[in-house]
>>> print(open('coords07.cif').read())   # mmCIF, C-alpha atoms
data_target
#
loop_
_atom_site.label_atom_id
_atom_site.label_comp_id
_atom_site.auth_asym_id
_atom_site.auth_seq_id
_atom_site.Cartn_x
_atom_site.Cartn_y
_atom_site.Cartn_z
CA MET A 1 21.71 -16.28 8.67
CA GLU A 2 20.33 -14.65 11.80
CA ILE A 3 16.77 -13.29 11.56
CA ARG A 4 15.44 -10.60 13.88
CA ALA A 5 13.10 -7.62 13.96
CA MET A 6 14.62 -4.60 12.26
CA THR A 7 14.87 -1.12 13.75
CA LEU A 8 13.29 1.92 12.13
CA PRO A 9 16.63 3.07 10.62
CA GLU A 10 17.13 -0.45 9.24
CA LEU A 11 13.65 -0.33 7.73
CA GLU A 12 14.63 2.90 6.00
CA THR A 13 17.66 1.06 4.56
CA VAL A 14 15.44 -1.79 3.35
CA LEU A 15 13.20 0.73 1.60
CA ASP A 16 16.35 1.94 -0.17
CA TRP A 17 16.77 -1.67 -1.35
CA ALA A 18 13.16 -1.57 -2.54
CA ALA A 19 13.86 1.62 -4.46
CA SER A 20 16.80 -0.09 -6.15
CA GLU A 21 14.38 -2.87 -7.20
CA GLY A 22 12.13 -0.26 -8.83
CA TRP A 23 9.39 -0.30 -6.17
CA ASN A 24 9.35 3.49 -5.68
CA PRO A 25 8.44 3.74 -1.97
CA GLY A 26 7.18 6.95 -0.42
CA LEU A 27 9.72 9.33 1.06
CA GLN A 28 8.23 9.01 4.55
CA ASP A 29 6.83 5.47 4.40
CA ALA A 30 9.19 3.91 6.95
CA ALA A 31 7.65 5.50 10.05
CA SER A 32 4.09 4.65 8.97
CA PHE A 33 5.05 1.09 8.13
CA HIS A 34 6.85 0.62 11.45
CA ALA A 35 3.85 1.96 13.38
CA ALA A 36 1.64 -0.78 11.94
CA ASP A 37 3.50 -3.52 13.83
CA PRO A 38 7.01 -2.69 15.10
CA GLY A 39 7.98 -6.36 15.41
CA GLY A 40 6.71 -7.28 11.96
CA PHE A 41 9.71 -6.25 9.86
CA LEU A 42 12.27 -9.04 9.75
CA LEU A 43 15.89 -8.64 8.78
CA GLY A 44 18.29 -11.42 7.87
CA THR A 45 21.98 -10.83 8.58
CA LEU A 46 25.20 -12.69 7.81
CA ASP A 47 28.02 -11.84 10.21
CA GLY A 48 26.08 -8.71 11.11
CA GLU A 49 25.57 -7.59 7.51
CA PRO A 50 21.93 -7.09 6.41
CA VAL A 51 21.22 -9.33 3.42
CA ALA A 52 17.48 -10.12 3.34
CA SER A 53 14.14 -8.74 4.49
CA ILE A 54 10.47 -9.56 4.75
CA PHE A 55 7.52 -7.64 6.17
CA ALA A 56 5.19 -9.94 8.14
CA VAL A 57 2.76 -7.45 9.64
CA ARG A 58 0.00 -8.42 12.04
CA TYR A 59 -3.26 -6.49 11.85
CA GLY A 60 -5.80 -6.95 14.63
CA ALA A 61 -6.31 -10.53 15.78
CA ARG A 62 -6.96 -12.32 12.49
CA PHE A 63 -5.13 -10.80 9.52
CA GLY A 64 -1.55 -10.44 8.34
CA PHE A 65 0.22 -9.11 5.28
CA ILE A 66 3.47 -10.07 3.60
CA GLY A 67 5.60 -7.51 1.75
CA GLY A 68 9.14 -6.22 1.44
CA TYR A 69 10.44 -9.67 0.48
CA ILE A 70 13.97 -8.90 -0.76
CA VAL A 71 17.31 -10.65 -0.89
CA ARG A 72 20.18 -8.42 -1.94
CA PRO A 73 21.27 -9.46 -5.44
CA GLU A 74 24.76 -10.59 -4.49
CA PHE A 75 23.34 -13.00 -1.86
CA ARG A 76 20.68 -14.69 -3.99
CA GLY A 77 20.69 -18.38 -4.83
CA LYS A 78 21.86 -19.44 -1.35
CA GLY A 79 18.52 -20.31 0.25
CA LEU A 80 18.36 -17.11 2.28
CA GLY A 81 15.10 -16.01 0.70
CA MET A 82 13.33 -19.22 1.66
CA ALA A 83 14.68 -19.00 5.20
CA ILE A 84 13.34 -15.50 5.79
CA TRP A 85 10.07 -16.34 3.99
CA ARG A 86 9.49 -19.20 6.44
CA ALA A 87 10.24 -16.91 9.37
CA GLY A 88 7.75 -14.35 8.11
CA MET A 89 5.02 -16.90 7.55
CA ALA A 90 5.67 -18.45 10.97
CA ARG A 91 5.10 -15.05 12.56
CA LEU A 92 1.67 -14.89 10.91
CA GLU A 93 0.67 -18.48 11.63
CA GLY A 94 -3.05 -18.90 12.31
CA ARG A 95 -4.03 -15.74 10.45
CA ASN A 96 -5.47 -15.11 7.02
CA VAL A 97 -2.42 -13.70 5.20
CA GLY A 98 -2.52 -11.43 2.17
CA LEU A 99 0.11 -10.23 -0.26
CA ASP A 100 0.48 -8.30 -3.50
CA GLY A 101 2.97 -10.23 -5.62
CA VAL A 102 4.14 -9.97 -9.20
CA PRO A 103 2.18 -12.38 -11.44
CA ALA A 104 5.33 -14.31 -12.33
CA GLN A 105 5.53 -15.48 -8.70
CA GLN A 106 1.90 -16.60 -8.39
CA ALA A 107 2.79 -20.27 -8.75
CA ASN A 108 5.44 -20.02 -6.03
CA TYR A 109 3.00 -18.29 -3.67
CA ALA A 110 0.36 -20.91 -4.46
CA ARG A 111 2.76 -23.59 -3.23
CA SER A 112 2.79 -21.73 0.10
CA GLY A 113 -1.00 -21.85 0.29
CA PHE A 114 -1.94 -18.51 -1.31
CA LYS A 115 -4.94 -18.25 -3.62
CA LEU A 116 -5.55 -15.55 -6.22
CA ALA A 117 -8.29 -13.06 -5.32
CA HIS A 118 -7.87 -10.43 -8.04
CA ARG A 119 -5.33 -8.42 -10.02
CA ASN A 120 -4.27 -4.89 -9.19
CA VAL A 121 -3.15 -2.57 -11.97
CA ARG A 122 -0.87 0.42 -11.48
CA TYR A 123 -1.65 3.44 -13.64
CA GLU A 124 0.80 6.26 -14.32
CA GLY A 125 -0.10 9.79 -15.32
CA HIS A 126 0.91 13.36 -14.53
CA GLY A 127 -0.19 16.29 -12.46
CA SER A 128 -2.88 18.70 -13.55
CA ASP A 129 -4.12 22.25 -13.11
CA ILE A 130 -7.79 21.21 -13.05
CA PRO A 131 -9.49 23.13 -10.22
CA SER A 132 -11.00 21.15 -7.35
CA ALA A 133 -14.74 20.88 -6.83
CA ASP A 134 -16.07 23.17 -4.11
CA ARG A 135 -17.07 20.35 -1.79
CA VAL A 136 -13.59 18.74 -1.75
CA LEU A 137 -11.93 19.83 1.47
CA PRO A 138 -8.50 19.18 3.00
CA LEU A 139 -8.56 16.73 5.90
CA GLY A 140 -6.72 17.56 9.11
CA PRO A 141 -6.35 16.25 12.66
CA GLN A 142 -9.93 17.26 13.43
CA ASP A 143 -11.11 14.76 10.79
CA MET A 144 -9.01 11.83 12.00
CA GLY A 145 -11.81 10.02 13.83
CA ASP A 146 -14.18 10.19 10.87
CA VAL A 147 -11.51 9.00 8.42
CA LEU A 148 -10.49 6.07 10.62
CA LEU A 149 -14.11 5.02 10.98
CA TYR A 150 -14.72 5.31 7.23
CA ASP A 151 -11.51 3.48 6.35
CA ARG A 152 -12.40 0.47 8.50
CA ALA A 153 -14.62 -0.98 5.77
CA PHE A 154 -11.76 -1.09 3.28
CA PHE A 155 -9.34 -3.33 5.16
CA ALA A 156 -9.53 -6.88 6.48
CA ASP A 157 -8.75 -6.00 10.12
CA ASP A 158 -7.79 -3.11 12.39
CA ARG A 159 -5.06 -0.84 10.98
CA GLU A 160 -5.68 2.27 13.07
CA GLN A 161 -2.08 2.75 14.24
CA PHE A 162 -0.81 2.57 10.68
CA MET A 163 -3.44 4.98 9.34
CA ARG A 164 -2.84 7.54 12.08
CA CYS A 165 0.73 7.88 10.81
CA TRP A 166 -0.14 7.49 7.13
CA LEU A 167 -2.59 10.40 7.21
CA GLN A 168 0.01 12.71 8.74
CA GLN A 169 3.12 11.90 6.68
CA THR A 170 5.33 14.91 6.06
CA GLY A 171 4.66 16.21 2.57
CA SER A 172 1.42 14.29 2.09
CA VAL A 173 -2.05 15.75 1.63
CA ALA A 174 -5.47 14.24 2.29
CA PHE A 175 -8.81 15.35 0.86
CA GLY A 176 -12.35 14.37 1.69
CA VAL A 177 -15.89 14.89 0.45
CA ARG A 178 -18.82 15.09 2.87
CA ASP A 179 -22.56 15.08 2.29
CA ASN A 180 -24.85 17.86 3.50
CA GLY A 181 -25.12 16.17 6.88
CA GLY A 182 -21.36 16.01 7.31
CA ALA A 183 -20.96 12.29 6.65
CA LEU A 184 -17.81 11.31 4.78
CA LEU A 185 -18.47 10.20 1.20
CA GLY A 186 -14.85 9.42 0.37
CA TYR A 187 -11.25 10.40 0.91
CA ALA A 188 -7.89 10.28 -0.83
CA VAL A 189 -4.26 10.59 0.25
CA LEU A 190 -1.38 11.82 -1.93
CA ARG A 191 2.23 11.32 -0.85
CA PRO A 192 5.62 12.13 -2.37
CA CYS A 193 7.70 9.14 -3.52
CA ARG A 194 11.22 8.54 -4.79
CA ALA A 195 9.81 9.29 -8.25
CA GLY A 196 6.72 11.47 -8.42
CA PHE A 197 3.68 10.94 -6.22
CA LYS A 198 1.31 8.09 -5.33
CA ILE A 199 -2.40 8.26 -4.60
CA GLY A 200 -3.57 5.81 -1.98
CA PRO A 201 -5.94 5.10 -0.58
CA LEU A 202 -8.69 6.55 -2.73
CA CYS A 203 -12.09 5.35 -1.51
CA ALA A 204 -15.44 6.79 -2.53
CA GLU A 205 -19.15 6.07 -2.34
CA SER A 206 -19.68 6.84 -6.04
CA PRO A 207 -17.74 7.43 -9.27
CA GLU A 208 -18.67 11.11 -9.02
CA VAL A 209 -17.00 11.47 -5.62
CA ALA A 210 -13.96 9.53 -6.87
CA GLU A 211 -13.70 11.93 -9.82
CA GLU A 212 -13.76 14.96 -7.53
CA LEU A 213 -11.08 13.48 -5.28
CA MET A 214 -8.92 12.53 -8.27
CA GLN A 215 -9.08 16.07 -9.60
CA ALA A 216 -8.09 17.43 -6.19
CA VAL A 217 -5.04 15.22 -5.72
CA ARG A 218 -3.81 15.59 -9.31
CA GLY A 219 -4.14 19.34 -8.83
CA ARG A 220 -1.47 19.14 -6.12
CA VAL A 221 1.06 17.48 -8.46
CA PRO A 222 3.16 19.58 -10.87
CA ALA A 223 2.25 18.93 -14.50
CA ASP A 224 5.72 17.55 -15.26
CA GLU A 225 5.73 15.11 -12.32
CA PRO A 226 4.44 11.53 -12.53
CA VAL A 227 1.54 10.36 -10.38
CA PHE A 228 0.53 6.74 -9.75
CA LEU A 229 -2.75 5.04 -8.79
CA ASP A 230 -3.01 1.33 -7.89
CA VAL A 231 -6.43 0.09 -8.96
CA PRO A 232 -8.11 -3.19 -7.95
CA GLU A 233 -9.03 -4.63 -11.35
CA PRO A 234 -12.58 -5.71 -10.40
CA ASN A 235 -13.49 -2.02 -10.02
CA ALA A 236 -14.13 -1.10 -13.67
CA ALA A 237 -15.10 2.44 -12.66
CA ALA A 238 -11.65 2.91 -11.11
CA ALA A 239 -9.91 1.83 -14.30
CA ALA A 240 -12.17 4.16 -16.27
CA LEU A 241 -11.28 6.98 -13.87
CA ALA A 242 -7.57 6.45 -14.46
CA LEU A 243 -7.99 6.30 -18.24
CA ARG A 244 -10.16 9.41 -18.21
CA HIS A 245 -7.29 11.24 -16.53
CA GLY A 246 -4.84 10.21 -19.24
CA MET A 247 -3.13 7.52 -17.19
CA ARG A 248 -1.70 4.32 -18.63
CA ALA A 249 -1.26 0.88 -17.12
CA CYS A 250 2.40 0.28 -16.28
CA PHE A 251 2.56 -2.56 -13.71
CA GLU A 252 0.38 -5.17 -12.05
CA THR A 253 0.27 -7.38 -8.99
CA ALA A 254 -1.71 -10.40 -7.86
CA ARG A 255 -3.65 -9.99 -4.60
CA MET A 256 -3.61 -13.37 -2.92
CA TYR A 257 -4.77 -14.74 0.44
CA THR A 258 -4.07 -17.93 2.37
CA GLY A 259 -7.64 -17.99 3.69
CA GLU A 260 -10.94 -16.78 2.34
CA ASP A 261 -11.11 -13.57 0.34
CA PRO A 262 -12.21 -11.04 3.02
CA GLY A 263 -14.75 -9.57 0.60
CA LEU A 264 -13.60 -5.96 0.70
CA PRO A 265 -15.90 -3.45 -1.05
CA LEU A 266 -13.76 -3.15 -4.17
CA ALA A 267 -16.53 -1.28 -6.02
CA ARG A 268 -15.85 1.62 -3.64
CA GLN A 269 -12.06 1.19 -3.53
CA TYR A 270 -10.49 3.19 -6.35
CA GLY A 271 -6.91 3.20 -5.09
CA ILE A 272 -5.07 0.72 -2.87
CA THR A 273 -3.05 2.17 -0.01
CA THR A 274 0.28 0.44 -0.70
CA PHE A 275 1.34 -2.88 -2.24
CA GLU A 276 3.88 -3.37 0.57
CA LEU A 277 1.35 -3.39 3.44
CA GLY A 278 -2.03 -3.75 1.73
#
>>> encode(input="coords07.cif", output="structure tokens")
Amino acid sequence: MEIRAMTLPELETVLDWAASEGWNPGLQDAASFHAADPGGFLLGTLDGEPVASIFAVRYGARFGFIGGYIVRPEFRGKGLGMAIWRAGMARLEGRNVGLDGVPAQQANYARSGFKLAHRNVRYEGHGSDIPSADRVLPLGPQDMGDVLLYDRAFFADDREQFMRCWLQQTGSVAFGVRDNGGALLGYAVLRPCRAGFKIGPLCAESPEVAEELMQAVRGRVPADEPVFLDVPEPNAAAAALALRHGMRACFETARMYTGEDPGLPLARQYGITTFELG
């Protein structure tokens, strides 16, 4: 198997594989993902045919994230997955590496040096016609600097290039709440996915701000469409928020790191951006 960096169109194909696995990627995720680290998306080919993938994305100088680890079903059991896994980990050598993996694979990841930090729980609900609070405002290009500065606390290293694309995905909306002095108290992004919509990130300085943002994003989803929120389990207020909005737990992942837990402010993180890239 040959392993190389994939092109943007190839990344779009790999996200089709992910959809077939039930991962439900966003409709416009490929461009945002690719912007994070264009060389970080590895493709394995046999005689030119794409058969395996892994995302090994470098953030800043110290952090990396593994995702998109797929071998096409008809090529499994041949050692191709381990080969591309090793290539991905080699690309991130010397960094603290994170991933969001299914719990059944925790033991396998542990053998590669990953340690459990916490669980994440995906909640599923539906859209709503609840009106937004007056102080919830749409975020646009003029707010980009403030959002990037605010977001920096919620990730282990620099992800500015990724977020610049993520905040401007076609079909997505972003909302923010500011205090009387104009300082950002929280923000949320809603994007269309293969099935329904996903909220992420959703970060807020208080449960009250998180509630206002949740109402705003659910209000942009038709009542008959599903909406998903990925909650870090240590944030009990986030789980309570999801339950209060009639959502139910439907999936979970294990957040693991090869190095020390970076100590993100999970009490203020109500929704994770994306399991594929952190």
>>> resolve_selection(input="coords07.cif", expression="the PyMOL selection byres ((chain A and resi 36-47) around 10)", output="compact mmCIF listing (two decimals) with C-alpha atoms, in the coordinates of the input")
# COMPACT_ATOMS: atom_id res chain seq x y z
CA MET A 1 21.71 -16.28 8.67
CA GLU A 2 20.33 -14.65 11.80
CA ILE A 3 16.77 -13.29 11.56
CA ARG A 4 15.44 -10.60 13.88
CA ALA A 5 13.10 -7.62 13.96
CA MET A 6 14.62 -4.60 12.26
CA THR A 7 14.87 -1.12 13.75
CA LEU A 8 13.29 1.92 12.13
CA GLU A 10 17.13 -0.45 9.24
CA LEU A 11 13.65 -0.33 7.73
CA VAL A 14 15.44 -1.79 3.35
CA ALA A 31 7.65 5.50 10.05
CA SER A 32 4.09 4.65 8.97
CA PHE A 33 5.05 1.09 8.13
CA HIS A 34 6.85 0.62 11.45
CA ALA A 35 3.85 1.96 13.38
CA GLY A 48 26.08 -8.71 11.11
CA GLU A 49 25.57 -7.59 7.51
CA PRO A 50 21.93 -7.09 6.41
CA VAL A 51 21.22 -9.33 3.42
CA ALA A 52 17.48 -10.12 3.34
CA SER A 53 14.14 -8.74 4.49
CA ILE A 54 10.47 -9.56 4.75
CA PHE A 55 7.52 -7.64 6.17
CA ALA A 56 5.19 -9.94 8.14
CA VAL A 57 2.76 -7.45 9.64
CA ARG A 58 0.00 -8.42 12.04
CA TYR A 59 -3.26 -6.49 11.85
CA GLY A 60 -5.80 -6.95 14.63
CA GLY A 64 -1.55 -10.44 8.34
CA PHE A 65 0.22 -9.11 5.28
CA ILE A 66 3.47 -10.07 3.60
CA GLY A 67 5.60 -7.51 1.75
CA GLY A 68 9.14 -6.22 1.44
CA TYR A 69 10.44 -9.67 0.48
CA ILE A 70 13.97 -8.90 -0.76
CA VAL A 71 17.31 -10.65 -0.89
CA PHE A 75 23.34 -13.00 -1.86
CA LEU A 80 18.36 -17.11 2.28
CA GLY A 81 15.10 -16.01 0.70
CA ALA A 83 14.68 -19.00 5.20
CA ILE A 84 13.34 -15.50 5.79
CA TRP A 85 10.07 -16.34 3.99
CA ALA A 87 10.24 -16.91 9.37
CA GLY A 88 7.75 -14.35 8.11
CA ARG A 91 5.10 -15.05 12.56
CA LEU A 92 1.67 -14.89 10.91
CA ASP A 158 -7.79 -3.11 12.39
CA ARG A 159 -5.06 -0.84 10.98
CA GLU A 160 -5.68 2.27 13.07
CA GLN A 161 -2.08 2.75 14.24
CA PHE A 162 -0.81 2.57 10.68
CA MET A 163 -3.44 4.98 9.34
CA ARG A 164 -2.84 7.54 12.08
CA CYS A 165 0.73 7.88 10.81
CA TRP A 166 -0.14 7.49 7.13
CA LEU A 277 1.35 -3.39 3.44
>>> closest_residue(input="coords07.cif", among="A:Gly125, A:Gly271, A:Gly259, A:Gly200", to="Glu233 (chain A)", atoms="all atoms listed in the file")
A:Gly271
>>> resolve_selection(input="coords07.cif", expression="the PyMOL selection byres ((chain A and resi 268) around 7)", output="PDB file with C-alpha atoms, in the coordinates of the input")
ATOM      1  CA  CYS A 203     -12.090   5.350  -1.510  1.00  0.00           C
ATOM      2  CA  ALA A 204     -15.440   6.790  -2.530  1.00  0.00           C
ATOM      3  CA  GLU A 205     -19.150   6.070  -2.340  1.00  0.00           C
ATOM      4  CA  SER A 206     -19.680   6.840  -6.040  1.00  0.00           C
ATOM      5  CA  PRO A 265     -15.900  -3.450  -1.050  1.00  0.00           C
ATOM      6  CA  LEU A 266     -13.760  -3.150  -4.170  1.00  0.00           C
ATOM      7  CA  ALA A 267     -16.530  -1.280  -6.020  1.00  0.00           C
ATOM      8  CA  GLN A 269     -12.060   1.190  -3.530  1.00  0.00           C
ATOM      9  CA  TYR A 270     -10.490   3.190  -6.350  1.00  0.00           C
TER      10      TYR A 270
END
>>> resolve_selection(input="coords07.cif", expression="the PyMOL selection byres ((chain A and resi 112) around 12)", output="ChimeraX atom specification")
/A:82,85-86,88-90,97-99,105-111,113-115,256-259
>>> atom_distance(input="coords07.cif", atom1="CA of Arg220 (chain A)", atom2="CA of Leu148 (chain A)")
23.1 Å
>>> residues_around(input="coords07.cif", residues="Ile199 (chain A)", least_positions_apart="5", cutoff="9 Å", atoms="all atoms listed in the file", output="JSON, numbers by chain")
{"A": [188, 189, 190, 191, 214, 217, 218, 227, 228, 229, 230, 271, 272, 273]}
>>> closest_residue(input="coords07.cif", among="A:Asp100, A:Asp157, A:Glu21, A:Asp179", to="Arg122 (chain A)", atoms="all atoms listed in the file")
A:Asp100
>>> atom_distance(input="coords07.cif", atom1="CA of Ala237 (chain A)", atom2="CA of Tyr187 (chain A)")
16.2 Å
>>> residues_around(input="coords07.cif", residues="Ala19 (chain A)", least_positions_apart="3", cutoff="12 Å", atoms="all atoms listed in the file", output="number ranges by chain")
A: 12-16, 22-27, 29, 68, 70, 193-195
>>> closest_residue(input="coords07.cif", among="A:Gly145, A:Pro262, A:Pro138, A:Pro201", to="Phe275 (chain A)", atoms="only C-alpha atoms")
A:Pro201
>>> closest_residue(input="coords07.cif", among="A:Leu202, A:Val221, A:Ala216, A:Leu139", to="Leu167 (chain A)", atoms="all atoms listed in the file")
A:Leu139
>>> atom_distance(input="coords07.cif", atom1="CA of Arg72 (chain A)", atom2="CA of Ser20 (chain A)")
9.9 Å
>>> residues_around(input="coords07.cif", residues="Gln215 (chain A)", least_positions_apart="3", cutoff="8 Å", atoms="only C-alpha atoms", output="PyMOL selection string")
chain A and resi 128+130-133+211-212+218-219
